[in-house]
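> Before we start, here is the structure in question, set down as C-alpha cells.
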Amino acid sequence: MVHNFNAGPSILPPTVFAEASQAILNYNNTGLSILETGHRTATFQAVMDEARALLKELMQLDDDHEVLFLHGGASTQFMQVPMNLLDDKETAAYSDTGVWSSKAIKEAKLFGKAEVVCSGKENNYTAIPKDFAVPNDAKYFHITTNNTIYGSQWHKIPATSNVLIADMSSDILSRQMDFNAFGLIYAGAQKNIGAAGVNVVVVNKNILGKIKRAIPTIMDYRNHIKEGSMLNTPPVFAVYVCLLTLRWLKAQGGVAAIEKINDAKAALLYNEIDSNPLFRGTIAIEDRSKMNVCFVMHDTSLEDAFLSFAKQQGIVGIKGHRLSGGFRASLYNALPLSSVEVLVKAMQEFASLNK
Ligand code: PMP
C-alpha cells in the first residue's frame with residue numbers, strides 16, 4: 001500500500017479515481033467518454049452546474065459570490081487579479097509569506113503599485129508576520145493562506161477593512177472560515193479540489209468593473225461570470241474530477257467534518273516531531289501548517305537513510321522542497337489518518353534503530 005504525501009498534484013479519494021476512470025470509458029451510460037463529450041452538451045452543462053453549486057454550498061457562499069472554473073493554474077491568478085482590480089496609479093497591499101506570495105507580488109507590480117506591508121523573509125519564512133498595518137487606501141490586501149513550500153499558515157485571517165484577496169491553493173476546503181469575508185479567493189485544484197488543469201476562483205461580483213484599464217476578453221472575470229464559466233472550452237475532464245471530489249467531501253460531512261480529521265492528522269504528526277529525539281519542526285509553533293508539515297533531522301546526515309526507510313513502508317512524497325530541505329508531509333483532505341499513523345510509526349522505528 002502506498003501512502004501518498006505529495007504536495008501537489010496529490011492524493012485524491014480512491015472513489016474519485018474509480019469514478020473518473022469509468023467516465024473515461026463510458027460516461028453515465030451515454031456510450032461516450034467524458035473526454036469526447038462536447039462542453040456545450042446538456043451532459044457537460046450538468047457537470048459544470050453541479051460543480052459550481054456544490055462548491056457554493058460547501059463554502060456557504062452568499063449570492064454576491066460567484067464560482068468560476070478557469071484555466072491557467074493559480075499562477076495565472078497572480079496576474080489576473082491585479083489586471084482586473086488595480087489601476088496603474090493605485091496601490092494594492094500584499095503580505096509576503098513565501099515563494100508563492102513573492103510571485104504574486106512580482107506580477108502585481110506589472111499593473112500598479114504593490115506595497116509589501118509585512119514579510120517573513122528576514123526569518124526565512126519560518127513565521128507568519130504579526131504586527132503590521134494595511135493602508136486604508138490600498139485597493140485590496142492579498143494573503144497566501146497556506147504556504148505550501150515552507151509549511152506555515154494564517155490560522156487567523158487578518159481583520160481588514162480593505163477588500164481581502166486570498167491564494168488558498170493549498171488549504172481551500174480544509175477548514176471552516178467565513179469565505180464571504182473575501183473579495184476574491186483563488187486556488188489551483190490539484191491539492192484539495194481535484195485534478196491539475198483547472199483553478200477555482202470565487203469572486204464577489206461587486207468588486208469588479210471599478211478600473212479604467214481595458215481587459216482582454218478572456219482575462220475579464222465579468223465575461224466568465226456572464227457565460228457561467230463556459231466563455232471558452234473549459235478543461236472538461238479536470239472539472240469533472242473536481243465535481244467527484246466535491247461530492248466526496250460533501251459525503252464526508254463537508255468542511256466542518258474534514259477539518260476535524262485534518263486537525264487530528266496534524267496533531268498526530270506534530271506531536272511525533274516534537275517528541276522524537278531525531279526530528280524537529282522548522283516553523284513557529286503557532287503558525288504551523290495543518291496541510292504541509294515541514295520538518296528536518298537534528299543530524300541531517302541521516303535524512304537520506306530515513307527517506308529510504310520510509311519508502312520501504314510505502315511512504316512517498318515526503319522529501320522537502322529544495323528551498324527548505326528536510327521533509328514535507330502534505331496532509332490534504334483525501335489523505336487518511338491511517339497514512340499519518342504509518343509515517344509516525346516509521347519515525348518511531350527509525351529512532352529506535354538510530355539510538
Ligand atoms: N499558490 C500556492 C500557494 C501554491 O502552492 C501553488 C502551487 N503549488 C501555486 C500558487 C501555483 O499553482 P499553479 O502551479 O497551479 O500555477
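Please note that chains go A, B, ... in the order of the C-alpha cells, that every chain numbers its residues from 1, and that ligands are numbered from 1 in the order shown.
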Give me, as a list in words, the set of residues whose atoms come within 6 Å of any atom of ligand 1, counting only C-alpha atoms and all ligand atoms.
Gly73, Ala74, Ser75, Trp100, Asn147, Thr148, Asp167, Ser169, Ser170 and Gly188 of chain A
> Hey, could you make a per-residue contact list for region 33-115 of chain A against region 231-240 of chain A with 9 Å as the cut-off, showing the nearest pair of atoms and its distance in Å to one decimal, counting only C-alpha atoms, sorted by chain and number, as a tab-separated table?

```
residue	atom	partner	partner_atom	distance
A:Ile34	CA	A:Phe237	CA	6.7
A:Leu35	CA	A:Phe237	CA	6.4
A:Thr37	CA	A:Val236	CA	8.4
A:Gly38	CA	A:Val236	CA	8.5
A:His39	CA	A:Thr233	CA	6.4
A:Arg40	CA	A:Thr233	CA	8.6
A:Phe44	CA	A:Val236	CA	7.7
A:Val47	CA	A:Tyr240	CA	6.4
A:Met48	CA	A:Val239	CA	7.1
A:Ala51	CA	A:Val239	CA	7.5
A:Phe69	CA	A:Val239	CA	7.3
A:Leu70	CA	A:Pro234	CA	7.0
A:His71	CA	A:Pro235	CA	7.0
```
> List as JSON, numbers by chain the protein and nucleic acid residues near Leu337 (chain A), meaning an atom at most 12 Å away when only C-alpha atoms are counted, but skip any in the same chain fewer than 3 places from it.
{"A": [3, 4, 5, 258, 260, 261, 262, 263, 264, 265, 266, 267, 268, 269, 331, 332, 333, 334, 340, 341, 342, 343, 344]}
> For each of A:Phe350, A:Tyr186, A:Trp248, A:Phe327, take the minimum atom-to-atom distance to Thr300 (chain A), counting only C-alpha atoms, then give the residue where this is smallest.
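So, comparing all the options, the nearest one is A:Phe327.
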> Mind pulling up the distance from CA of Thr126 (chain A) to CA of Asn180 (chain A)?
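About the pair CA of Asn180 (chain A) and CA of Thr126 (chain A): they are 28.8 Å apart.
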> Using backbone DSSP assignments, extract all alpha helix (DSSP H) residues from region 128-226 of chain A; output them as a PyMOL selection string.
chain A and resi 221-226
> Export N, CA, C and O atoms of the chosen residues as a PDB file, in the first residue's frame?

```pdb
ATOM      1  N   TYR A 221     -12.987  38.753 -15.505  1.00  0.00           N
ATOM      2  CA  TYR A 221     -13.854  37.854 -14.719  1.00  0.00           C
ATOM      3  C   TYR A 221     -15.329  38.028 -15.085  1.00  0.00           C
ATOM      4  O   TYR A 221     -16.096  37.078 -15.041  1.00  0.00           O
ATOM      5  N   ARG A 222     -15.722  39.275 -15.421  1.00  0.00           N
ATOM      6  CA  ARG A 222     -17.146  39.524 -15.680  1.00  0.00           C
ATOM      7  C   ARG A 222     -17.644  38.694 -16.857  1.00  0.00           C
ATOM      8  O   ARG A 222     -18.781  38.226 -16.856  1.00  0.00           O
ATOM      9  N   ASN A 223     -16.777  38.490 -17.850  1.00  0.00           N
ATOM     10  CA  ASN A 223     -17.197  37.679 -19.009  1.00  0.00           C
ATOM     11  C   ASN A 223     -17.387  36.217 -18.614  1.00  0.00           C
ATOM     12  O   ASN A 223     -18.293  35.552 -19.101  1.00  0.00           O
ATOM     13  N   HIS A 224     -16.526  35.735 -17.734  1.00  0.00           N
ATOM     14  CA  HIS A 224     -16.663  34.340 -17.284  1.00  0.00           C
ATOM     15  C   HIS A 224     -17.923  34.163 -16.443  1.00  0.00           C
ATOM     16  O   HIS A 224     -18.599  33.138 -16.522  1.00  0.00           O
ATOM     17  N   ILE A 225     -18.233  35.182 -15.644  1.00  0.00           N
ATOM     18  CA  ILE A 225     -19.460  35.104 -14.824  1.00  0.00           C
ATOM     19  C   ILE A 225     -20.675  35.068 -15.755  1.00  0.00           C
ATOM     20  O   ILE A 225     -21.560  34.217 -15.618  1.00  0.00           O
ATOM     21  N   LYS A 226     -20.666  35.980 -16.728  1.00  0.00           N
ATOM     22  CA  LYS A 226     -21.796  36.081 -17.664  1.00  0.00           C
ATOM     23  C   LYS A 226     -22.039  34.752 -18.388  1.00  0.00           C
ATOM     24  O   LYS A 226     -23.158  34.332 -18.603  1.00  0.00           O
TER      25      LYS A 226
END
```
> Please list as a PyMOL selection string every residue within 10 Å of Leu208 (chain A), counting only C-alpha atoms and excluding residues in the same chain fewer than 5 positions away.
chain A and resi 84-85+183+203+220-222
> Select from region 162-296 of chain A everything DSSP, run on the backbone, classes as strand (DSSP E or B), then give the selection as a list in words.
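So, restricting region 162-296 of chain A to strand (DSSP E or B), we get Val163, Leu164, Ile165, Ala166, Asp167, Leu184, Ile185, Tyr186, Ala187, Gly188, Asn199, Val200, Val201, Val202, Val203, Asn204, Phe279, Arg280, Gly281, Arg288, Asn292, Val293, Cys294, Phe295 and Val296 of chain A.
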> Please produce a file of the residues just selected, as a short mmCIF file (atom, residue, chain, number, x, y, z; two decimals), in the first residue's frame, where the atoms kept are N, CA, C and O atoms.

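As written to disk, again.cif reads:
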```cif
data_model
loop_
_atom_site.label_atom_id
_atom_site.label_comp_id
_atom_site.auth_asym_id
_atom_site.auth_seq_id
_atom_site.Cartn_x
_atom_site.Cartn_y
_atom_site.Cartn_z
N VAL A 163 -10.57 45.28 0.74
CA VAL A 163 -11.03 44.05 0.06
C VAL A 163 -9.96 42.99 0.29
O VAL A 163 -8.77 43.24 0.07
N LEU A 164 -10.37 41.84 0.76
CA LEU A 164 -9.40 40.78 1.08
C LEU A 164 -9.33 39.78 -0.07
O LEU A 164 -10.36 39.28 -0.54
N ILE A 165 -8.11 39.51 -0.52
CA ILE A 165 -7.91 38.57 -1.62
C ILE A 165 -7.02 37.44 -1.09
O ILE A 165 -6.03 37.72 -0.41
N ALA A 166 -7.35 36.21 -1.41
CA ALA A 166 -6.52 35.12 -0.88
C ALA A 166 -6.20 34.06 -1.93
O ALA A 166 -7.07 33.60 -2.66
N ASP A 167 -4.92 33.69 -1.94
CA ASP A 167 -4.49 32.49 -2.64
C ASP A 167 -4.67 31.35 -1.65
O ASP A 167 -3.94 31.27 -0.65
N LEU A 184 -12.09 38.06 -3.17
CA LEU A 184 -11.75 37.06 -4.19
C LEU A 184 -10.85 35.99 -3.57
O LEU A 184 -9.95 36.29 -2.79
N ILE A 185 -11.15 34.75 -3.91
CA ILE A 185 -10.34 33.60 -3.48
C ILE A 185 -9.94 32.84 -4.74
O ILE A 185 -10.78 32.65 -5.62
N TYR A 186 -8.69 32.43 -4.82
CA TYR A 186 -8.32 31.56 -5.94
C TYR A 186 -7.51 30.38 -5.44
O TYR A 186 -6.88 30.44 -4.39
N ALA A 187 -7.57 29.30 -6.20
CA ALA A 187 -6.87 28.08 -5.80
C ALA A 187 -6.68 27.17 -7.00
O ALA A 187 -7.63 26.92 -7.74
N GLY A 188 -5.46 26.69 -7.19
CA GLY A 188 -5.24 25.62 -8.16
C GLY A 188 -5.95 24.39 -7.61
O GLY A 188 -5.97 24.17 -6.40
N ASN A 199 -8.35 25.92 -12.21
CA ASN A 199 -8.33 26.57 -10.91
C ASN A 199 -9.68 27.17 -10.60
O ASN A 199 -10.46 27.47 -11.50
N VAL A 200 -9.92 27.27 -9.32
CA VAL A 200 -11.20 27.78 -8.85
C VAL A 200 -11.03 29.24 -8.47
O VAL A 200 -10.05 29.60 -7.83
N VAL A 201 -11.96 30.07 -8.92
CA VAL A 201 -11.98 31.46 -8.49
C VAL A 201 -13.35 31.73 -7.89
O VAL A 201 -14.37 31.41 -8.49
N VAL A 202 -13.35 32.26 -6.67
CA VAL A 202 -14.60 32.70 -6.03
C VAL A 202 -14.49 34.21 -5.94
O VAL A 202 -13.55 34.73 -5.37
N VAL A 203 -15.43 34.90 -6.55
CA VAL A 203 -15.30 36.36 -6.57
C VAL A 203 -16.61 37.05 -6.20
O VAL A 203 -17.69 36.63 -6.64
N ASN A 204 -16.47 38.06 -5.36
CA ASN A 204 -17.63 38.91 -5.04
C ASN A 204 -17.82 39.85 -6.23
O ASN A 204 -16.96 40.69 -6.51
N PHE A 279 14.02 14.31 15.26
CA PHE A 279 13.40 15.29 14.36
C PHE A 279 13.08 16.61 15.07
O PHE A 279 12.93 16.64 16.29
N ARG A 280 12.95 17.66 14.24
CA ARG A 280 12.43 18.92 14.79
C ARG A 280 11.65 19.67 13.71
O ARG A 280 11.94 19.56 12.51
N GLY A 281 10.66 20.44 14.14
CA GLY A 281 9.87 21.25 13.22
C GLY A 281 10.63 22.50 12.84
O GLY A 281 11.54 22.92 13.54
N ARG A 288 2.26 26.86 12.46
CA ARG A 288 2.46 25.61 11.71
C ARG A 288 1.27 25.28 10.82
O ARG A 288 0.12 25.34 11.27
N ASN A 292 0.73 21.25 5.12
CA ASN A 292 2.09 20.88 4.70
C ASN A 292 2.98 20.94 5.93
O ASN A 292 3.33 22.01 6.41
N VAL A 293 3.31 19.77 6.44
CA VAL A 293 4.09 19.69 7.68
C VAL A 293 5.57 19.58 7.32
O VAL A 293 6.00 18.58 6.73
N CYS A 294 6.35 20.62 7.65
CA CYS A 294 7.77 20.64 7.29
C CYS A 294 8.61 20.35 8.52
O CYS A 294 8.37 20.91 9.59
N PHE A 295 9.59 19.48 8.35
CA PHE A 295 10.47 19.14 9.48
C PHE A 295 11.81 18.66 8.96
O PHE A 295 11.95 18.33 7.78
N VAL A 296 12.79 18.68 9.85
CA VAL A 296 14.15 18.27 9.48
C VAL A 296 14.67 17.30 10.55
O VAL A 296 14.00 17.09 11.56
#
```
> Could you check how far CA of His298 (chain A) sits from CA of Glu349 (chain A), in Å to one decimal?
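Between these atoms lies a distance of 16.5 Å.
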> Go through A:Met79, A:Leu54, A:Val2, A:Leu353 and flag the residue nearest Ala251 (chain A), using only C-alpha atoms for the distances.
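Closest candidate: A:Leu54.
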> Provide the CA of Gln252 (chain A) to CA of Asp171 (chain A) distance in Å, to one decimal place.
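If I compute the distance from CA of Gln252 (chain A) to CA of Asp171 (chain A), I get 17.0 Å.
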